[in-house]
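Participant: I'd like to ask you about the structure that follows.
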Amino acid sequence: MAAAVSARWLRFRGGPAFLQTARRAGVGEAKLCCRFYPGSASLPKVEGTNATGIEEIVIPKKKTWDKVAVLQALASTVNRDPTAVPYVFQDDPYLIPTSAMESRSFLLAKKSGENAAKFIVNSHPKYFQKDVAEPHIPCLMPESLEPQIEEVSEAALKERIRLRRVKASVDLFDQLLQAGTTVSLETTNSLLDLLCYYGDQEPPADCPYRQTEHAENLEEATETNVQTSKMKTIPWKAQNNAERIFALIPEKNARSYCTMIQGMVKHRAYAQALNLYTELLNNRLHADVYTFNALIEAKMLIASEKFEEKWNNILDLLKHMVAQKVKPNLQTFNAVLKCLRKFYMHGRLPALQTLREMKYLGIEPSLATYHHIIHLFYHRGSSLKTSSLIIYDIMNELEGRKFSPRDLDDDKFFQLAMNVCSSLRDLELAYRIHHLLNTGDNRKLIGGDLQRNFYYSKFFSLICSMEQIDVTLKWYKDLIPSVFFPHSQALIDLLQALDVSNRLEMVPQIWKDSKEYGHTFRANLREEILMLLARDKHPPELQVAFADCAADIKSTYESQDALQTAHDWPANTLQYIAVLFLRGGRTQEAWKMLALFKKHNKIPRNELLEEFMDTAKASDSPALAIEVVKLASAFSLPVCENLAQRVMMDFTVNPEQKEALGNLTISNSSSDGDSSSDSDIGEDKRER
Amino acid sequence: MLRRIPALIRPRPFSGLPLSSGNWDVSVAVCVPPTARSGTGRTENNIQRHFGTGSCIYSKKDSQSVPANEISQKTAETQGDREETQKKNLLDILKDMKVELSTVNVQTTKPRGKRPSAGLQAAVSRHRRAPEDPPKNRNEFLSSELVAAASAVADSLPWDKQTTKSELLRQLQQHEEETRTQKDREKSKISFRHIISEMKIARSPSARVSTRPQHQIQFDEEMDNSSLHLEKPSDFKQRKCLFKGKRLGIFDIKAFADEAPETEASPSLWEIEFAKQLATVNEQPLGNGFEEMIQWTKEGKLWEFPVNNEAGFDDDGSEFHDHIFLDKHLEGFPKQGPIRIFMELVTSGLSKNPYLSVKQKVDHIEWFRNYFNEKQDILKENKVEFT
């Protein structure tokens with residue numbers, strides 16, 4: 001202890017002490033040596049500090065940190081800021097995305113800029129040779145993509161294989177063969193790897209962001225995307241270079257067969273793959289686990305077989321694995337489960353058995369495993385009443401766990417689970433899933449843009465429909481727009497939630513937001529908002545705000561008019577806007593709305609005219625009232641007569657006006673026959 | 001045969017299938033109680049026995065009895081209060097029963113949507129009559145009714161009747177044996193009271209009952225055994241049924257236990273590409289500046305943390321004391337005298353040099369050792385001691 005204390009004391013003495021002790025250290029003052037260790041106070045006991053002289057000094061191992069450990073610790077302290085844009089975007093008002101479309105195009109722009117730069121650097125390496133970085137940074141330098149070895153040799157072939165030059169390697173292989181050189185089996189196998197992986201085609205240029213179409217119905221979209229991406233792979237051609245080279249190998253080993261089988265499955269030649277597997281068995285070779293995984297996939301995708309047959313085939317394959325002493329891995333079972341998904345109801349029991357088999361073998365199921373099982377148990381077509389409770393089981397199992405990606409389908413779990421929640425209408429479960437998503441680094445497994453949007457839209461609409469309005473608004477503030485940009489349907493859900501809990505004063509704010517999120521021209525959203533605003537009467541100050549909102553919405557219609565010539569205003573919209581203007585005290589504009597009715601060949605409803613009459617009465621202006629009646633007769637509405645009577649009763653009209661009124665009603669009743677047919681036409685138009 | 005009936009009714013409510021308050025269900029429920037109560041402990045054995053086959057016959061009956069259900073739907077409304085008492089009765093019966101988890105019939109080989117034939121009808125009607133019979137054959141290996149029922153089912157199916165029948169009977173015998181062996185063991189009991197109390201009797205069966213594939217029922221039997229407690233999501237803390245139950249039974253863990261980890265050669269293209277794809281699975285846009293720095297560090301664009309003067313200096317993992325305390329390399333040099341002093345100065349200088357690796361420093365000292373060795377003559381001439 002004394003030594004430690006003195007050591008600590010000495011440590012503060014600085015430079016000269018260092019030199020001195022460093023020199024003396026070798027001479028035998030061992031106990032002082034320890035003073036320079038970081039944290040010497042916590043050193044292991046220095047034995048025999050009494051003056052016995054020579055003793056063993058245990059020098060503690062230097063503690064090595066992972067190079068990113070500090071940064072990871074720091075990163076974990078940063079929480080998401082719901083008021084800020086995501087970090088990936090440029091922090092510049094002009095470059096902050098305001099809609100899903102924009103955010104996507106900004107990300108793509110950023111990524112494509114990087115790719116373009118990389119492309120230029122790699123295609124003109126001679127201009128980028130100056131190495132400014134010290135220490136050297138390899139990733140900033142052009143990659144050498146051109147083969148360096150010119151001569152015809154196996155080393156050159158290996159290099160071309162490493163550079164993934166499919167055609168060049170095949171050519172070189174042929175040249176070697178013609179020259180009579182034998183290529184080693186290992187090199188040939190890696191050439192086969194290359195050919196099989198890329199299906200005898202040059203590898204496609206890397207495209208990190210797959211182009212996915214923007215679709216409202218997301219799940220369908222993702223499903224079909226998976227399908228199409230599968231379809232996009234180049235089909236296996238009979239007698240391609242892979243098959244040719246494979247046939248040329250005199251002593252094929254298991255790896256040659258395995259890579260061929262995997263390649264055939266990858267490029268959709270399932271029957272050929274299965275045949276090749278038989279050949280492999282005939283040659284008394286053993287396949288590896290990856291090949292079995294591919295074969296399971298092949299069995300699943302092979303056409304025209306019944307459930308039992310397919311399932312028995314798969315079980316056979318698994319038995320082959322046992323016979324060949326191949327240990328199955330996670331992908332094996334996930335492939336089986338994926339296969340069972342095709343069988344809908346029939347797949348459920350085998351799926352559970354498969355899961356138990358996994359557990360028995362000590363293979364930890366990944367999120368993809370659960371994804372397949374949930375998919376199996378909550379098929380889109382099956383109704384709520386038959387839905388099983390297995391998702392609760394699964395959530396029980398998963399709660400509080402942290403996941404890292406282990407299967408390619410791991411990122412599909414969360415959106416599916418949330419989808420099931422929303423079909424079960426179970427908010428509590430949704431919260432649990434959301435909590436799981438935010439455990440550890442799990443949020444990274446939410447998947448791509450599309451899947452994240454899908455997850456959050458489902459989550460948010462579930463909240464909208466089941467949660468109290470205050471909590472809903474809290475979620476709204478938290479999630480939108482920092483996590484996702486809502487669809488118009490999500491906003492309509494929110495509006496309905498506001499309606500249910502009688503918080504309509506929020507509606508103008510929502511309209512402002514939705515304009516920001518790029519839903520300015522969504523007809524259903526605008527109509528929903530107008531309907532909610534116009535449905536009931538509110539206190540005057542609120543009505544003024546509503547009228548402002550209505551004016552804003554009206555202006556969007558007007559700008560749409562300017563853009564599209566054949567644009568049509570729905571009658572309801574006109575009606576609601578006019579009503580809102582009237583209630584908000586913007587009588588002038590309301591009258592202008594009536595002109596719009598005429599212009600667009602729409603018929604105002606009786607309630608609207610009554611409302612106009614009310615305002616005329618409120619301002620005590622018989623002239624206005626008569627205008628209303630005139631208008632009604634101009635539209636040849638049957639309500640005209642009632643209105644006229646009301647004018648007679650409620651207003652003090654001078655004889656001139658009385659006469660005018662009389663004329664109006666007479667002309668109306670005389671042309672009654674016409675008017676009904678007219679209004680019919682009008683109705684028709686409005687329906688459209 | 002009576003014992004079978006409760007078991008038959010059972011799958012319905014749990015499968016989420018709307019329990020029709022149709023006539024036969026109800027009448028069965030009503031007529032059951034007295035005998036069932038008299039059965040007490042010993043009947044339980046038989047319940048288990050017939051349990052598995054029940055589902056398969058039952059599912060047929062289900063699709064067949066739909067029209068009746070639909071007709072009875074109209075009367076169902078008036079039966080509301082009767083239902084209450086029936087429910088209570090049912091609860092009493094089920095309270096007295098225990099159900100084995102594992103006796104599940106896994107017969108997925110039946111074609112879907114088969115029309116029940118006349119033979120089956122007969123079998124079914126026999127089954128319905130069954131409750132009136134006194135429970136006498138309880139200890140027989142397989143009751144004659146069951147054999148008859150099995151042959152009726154076999155008649156209704158399109159395949160070889162003899163094999164089907166024998167298959168069915170074999171299956172039944174298996175159940176018998178299983179129950180016998182498992183009877184003695186600790187049974188996993190399910191609190192039926194709890195289940196029943198949670199269960200709702202849905203009133204209107206919809207048309208989709210008829211479209212329902214029979215496998216679902218078989219499956220539900222299994223499923224519901226495992227998810228019974230789950231009726232209420234709140235009390236699932238005590239269960240972990242997801243992994244309990246039958247497994248495929250193909251792999252044997254012992255077969256892989258002794259296997260040595262594969263001596264991995266350089267990964268093939270397939271493995272490399274798989275790893276790459278896997279890495280893209282959790283690729284997310286960067287969340288904050290630190291994450292960006294992590295990415296830069298991984299790409300090699302940033303100095304590695306902790307920042308010190310060893311960046312980019314690979315020294316075979318030697319540590320700082322190897323760099324600083326070089327005195328141990330001075331063995332073989334004289335303990336005193338000018339050479340010692342000189343060498344100590346050399347080591348002191350070397351210990352402060354951050355640019356050389358440990359090996360280079362040692363080489364440096366070794367160079368001096370050789371140098372002095374070569375100059376032995378001169379040293380001796382000048383009376384300087386070396387060695």
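Labels for the structure tokens follow display order: chains A, B, ..., residues from 1 in each chain, ligands from 1.
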Just want the 10 Å neighbourhood of Gln284 in chain B, counted on only C-alpha atoms, with same-chain residues fewer than 6 positions away dropped. Output as a compact mmCIF listing (two decimals) with C-alpha atoms, in the first residue's frame.
Facilitator:
# COMPACT_ATOMS: atom_id res chain seq x y z
CA VAL A 88 -28.51 11.65 -42.80
CA ARG A 443 -34.28 -0.88 -34.58
CA LYS A 444 -31.68 -1.54 -37.22
CA LEU A 445 -33.62 -4.63 -38.18
CA ILE A 446 -36.72 -2.74 -39.16
CA GLY A 447 -35.75 -3.00 -42.80
CA GLY A 448 -35.73 -0.56 -45.65
CA ASP A 449 -37.55 2.68 -46.14
Participant: Using only C-alpha atoms, find each residue in chain A having at least one atom no more than 7 Å away from chain B; report its shortest atom-to-atom pair and that distance in Å (one decimal), rows by chain then rising number, as CSV.
Facilitator:
residue,atom,partner,partner_atom,distance
A:Gly26,CA,B:Asp327,CA,5.7
A:Lys62,CA,B:Glu319,CA,6.8
A:Lys67,CA,B:Phe305,CA,5.3
A:Val68,CA,B:Ile294,CA,5.9
A:Val70,CA,B:Phe305,CA,6.6
A:Leu71,CA,B:Phe290,CA,5.9
A:Leu74,CA,B:Phe290,CA,6.7
A:Ala75,CA,B:Phe290,CA,5.1
A:Pro86,CA,B:Gly287,CA,6.8
A:Tyr87,CA,B:Asn288,CA,5.5
A:Val88,CA,B:Leu286,CA,5.9
A:Pro135,CA,B:Gly312,CA,6.3
A:Ile137,CA,B:Gly300,CA,6.0
A:Cys139,CA,B:Glu299,CA,6.6
A:Asp193,CA,B:Leu269,CA,6.2
A:Leu194,CA,B:Leu269,CA,6.9
A:Glu308,CA,B:Thr109,CA,6.9
A:Lys319,CA,B:Ile250,CA,6.3
A:Val322,CA,B:Phe251,CA,6.3
A:Lys327,CA,B:Phe256,CA,6.5
A:Met345,CA,B:Gln216,CA,6.1
A:His346,CA,B:His215,CA,6.4
A:Leu349,CA,B:Phe219,CA,6.1
A:Gln353,CA,B:Arg247,CA,4.0
A:Thr354,CA,B:Leu248,CA,5.9
A:Arg356,CA,B:Arg247,CA,5.1
A:Glu357,CA,B:Arg247,CA,5.1
A:Lys359,CA,B:Phe243,CA,7.0
A:Leu361,CA,B:Ile253,CA,5.6
A:Lys385,CA,B:Gly16,CA,5.1
A:Thr386,CA,B:Gly16,CA,4.8
A:Leu389,CA,B:Ser227,CA,6.5
A:Tyr392,CA,B:Pro233,CA,6.7
A:Asp393,CA,B:Leu242,CA,6.3
A:Pro405,CA,B:Asn282,CA,6.5
A:Arg406,CA,B:Leu278,CA,6.8
A:Asp407,CA,B:Leu278,CA,6.6
A:Leu408,CA,B:Leu278,CA,5.7
A:Asp411,CA,B:Val281,CA,6.2
A:Lys444,CA,B:Asn282,CA,4.9
A:Leu445,CA,B:Asn282,CA,5.0
A:Gly447,CA,B:Asn282,CA,6.7
Participant: Just want the 10 Å neighbourhood of Leu533 in chain A, counted on only C-alpha atoms, with same-chain residues fewer than 5 positions away dropped. Output as a ChimeraX atom specification.
Facilitator: /A:499,504-505,507-508,527-528,538,542-543,545-547,549-550,576-577,579-580
Participant: Quick one: residues within 9 Å of range 459-466 of chain A, only C-alpha atoms, excluding same-chain residues fewer than 4 positions away - as a list of chain:residue names?
Facilitator: A:Met418, A:Asn419, A:Cys421, A:Ser422, A:Arg425, A:Asp426, A:Leu427, A:Ala430, A:Tyr431, A:His434, A:Phe454, A:Tyr455, A:Val471, A:Thr472, A:Leu473, A:Trp475, A:Tyr476, A:Leu479, A:Pro486, A:Gln489, A:Ala490, A:Leu491, A:Asp493, A:Leu494, A:Leu495, A:Gln496, A:Ala497, A:Leu498
Participant: What is the CA of Ile296 in chain A-CA of Met358 in chain A distance in Å, reported with one decimal?
Facilitator: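 It comes out at 16.0 Å.
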Participant: Quick one: pick out all alpha helix (DSSP H) residues within range 315-393 of chain A from a backbone DSSP run and write them as an NGL selection string.
Facilitator: :A and (315-323 or 330-340 or 348-361 or 367-377 or 390-393)
Participant: Just the residues within 8 Å of range 645-649 of chain A, please, counting only C-alpha atoms, with nothing from its chain fewer than 3 positions along; format it as a ChimeraX atom specification.
Facilitator: /A:622,625-626,641-642,652-653,658
Participant: I'd like the neighbourhood of Pro338 in chain B as a CSV table (one decimal) with N, CA, C and O atoms, in the first residue's frame, where a residue qualifies if any of its atoms comes within 12 Å (using only C-alpha atoms), though same-chain residues fewer than 2 positions away should be ignored.
Facilitator:
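Result written to part-v1.csv:
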chain,number,residue,atom,x,y,z
B,333,PHE,N,26.7,-6.7,-20.9
B,333,PHE,CA,27.5,-5.5,-20.9
B,333,PHE,C,28.1,-5.3,-19.5
B,333,PHE,O,27.6,-5.9,-18.5
B,334,PRO,N,29.2,-4.7,-19.4
B,334,PRO,CA,29.8,-4.5,-18.1
B,334,PRO,C,28.9,-3.8,-17.1
B,334,PRO,O,28.0,-3.0,-17.5
B,335,LYS,N,29.0,-4.1,-15.8
B,335,LYS,CA,28.1,-3.5,-14.8
B,335,LYS,C,28.5,-2.1,-14.5
B,335,LYS,O,27.7,-1.3,-14.0
B,336,GLN,N,29.7,-1.7,-14.8
B,336,GLN,CA,30.1,-0.3,-14.6
B,336,GLN,C,31.1,0.1,-15.6
B,336,GLN,O,31.5,-0.7,-16.5
B,340,ARG,N,29.2,0.9,-19.8
B,340,ARG,CA,27.9,0.8,-19.2
B,340,ARG,C,27.2,2.2,-19.2
B,340,ARG,O,26.0,2.3,-19.5
B,341,ILE,N,27.9,3.2,-18.9
B,341,ILE,CA,27.3,4.5,-18.9
B,341,ILE,C,26.8,4.9,-20.3
B,341,ILE,O,25.7,5.4,-20.5
B,342,PHE,N,27.6,4.6,-21.3
B,342,PHE,CA,27.3,4.8,-22.7
B,342,PHE,C,26.0,4.1,-23.0
B,342,PHE,O,25.0,4.6,-23.6
B,343,MET,N,26.0,2.8,-22.7
B,343,MET,CA,24.8,2.0,-23.1
B,343,MET,C,23.5,2.4,-22.4
B,343,MET,O,22.4,2.4,-22.9
B,344,GLU,N,23.7,2.9,-21.1
B,344,GLU,CA,22.5,3.4,-20.4
B,344,GLU,C,22.0,4.6,-21.1
B,344,GLU,O,20.7,4.8,-21.2
B,345,LEU,N,22.9,5.4,-21.6
B,345,LEU,CA,22.4,6.6,-22.3
B,345,LEU,C,21.7,6.1,-23.6
B,345,LEU,O,20.7,6.7,-24.0
B,379,LEU,N,39.7,-1.9,-27.0
B,379,LEU,CA,39.3,-1.7,-25.6
B,379,LEU,C,40.3,-2.2,-24.6
B,379,LEU,O,40.6,-1.5,-23.6
B,382,ASN,N,43.1,0.1,-24.2
B,382,ASN,CA,42.8,1.3,-23.4
B,382,ASN,C,42.3,1.0,-22.0
B,382,ASN,O,41.7,1.8,-21.3
B,383,LYS,N,42.5,-0.3,-21.7
B,383,LYS,CA,42.2,-0.8,-20.3
B,383,LYS,C,40.7,-0.5,-20.0
B,383,LYS,O,40.3,-0.2,-18.9
B,384,VAL,N,39.9,-0.7,-21.0
B,384,VAL,CA,38.4,-0.6,-20.7
B,384,VAL,C,37.9,-2.1,-20.7
B,384,VAL,O,38.2,-2.9,-21.6
B,385,GLU,N,37.2,-2.3,-19.6
B,385,GLU,CA,36.7,-3.7,-19.4
B,385,GLU,C,35.5,-4.0,-20.2
B,385,GLU,O,34.5,-3.2,-20.3
B,386,PHE,N,35.5,-5.1,-20.9
B,386,PHE,CA,34.2,-5.5,-21.6
B,386,PHE,C,34.0,-7.0,-21.4
B,386,PHE,O,35.0,-7.7,-21.4
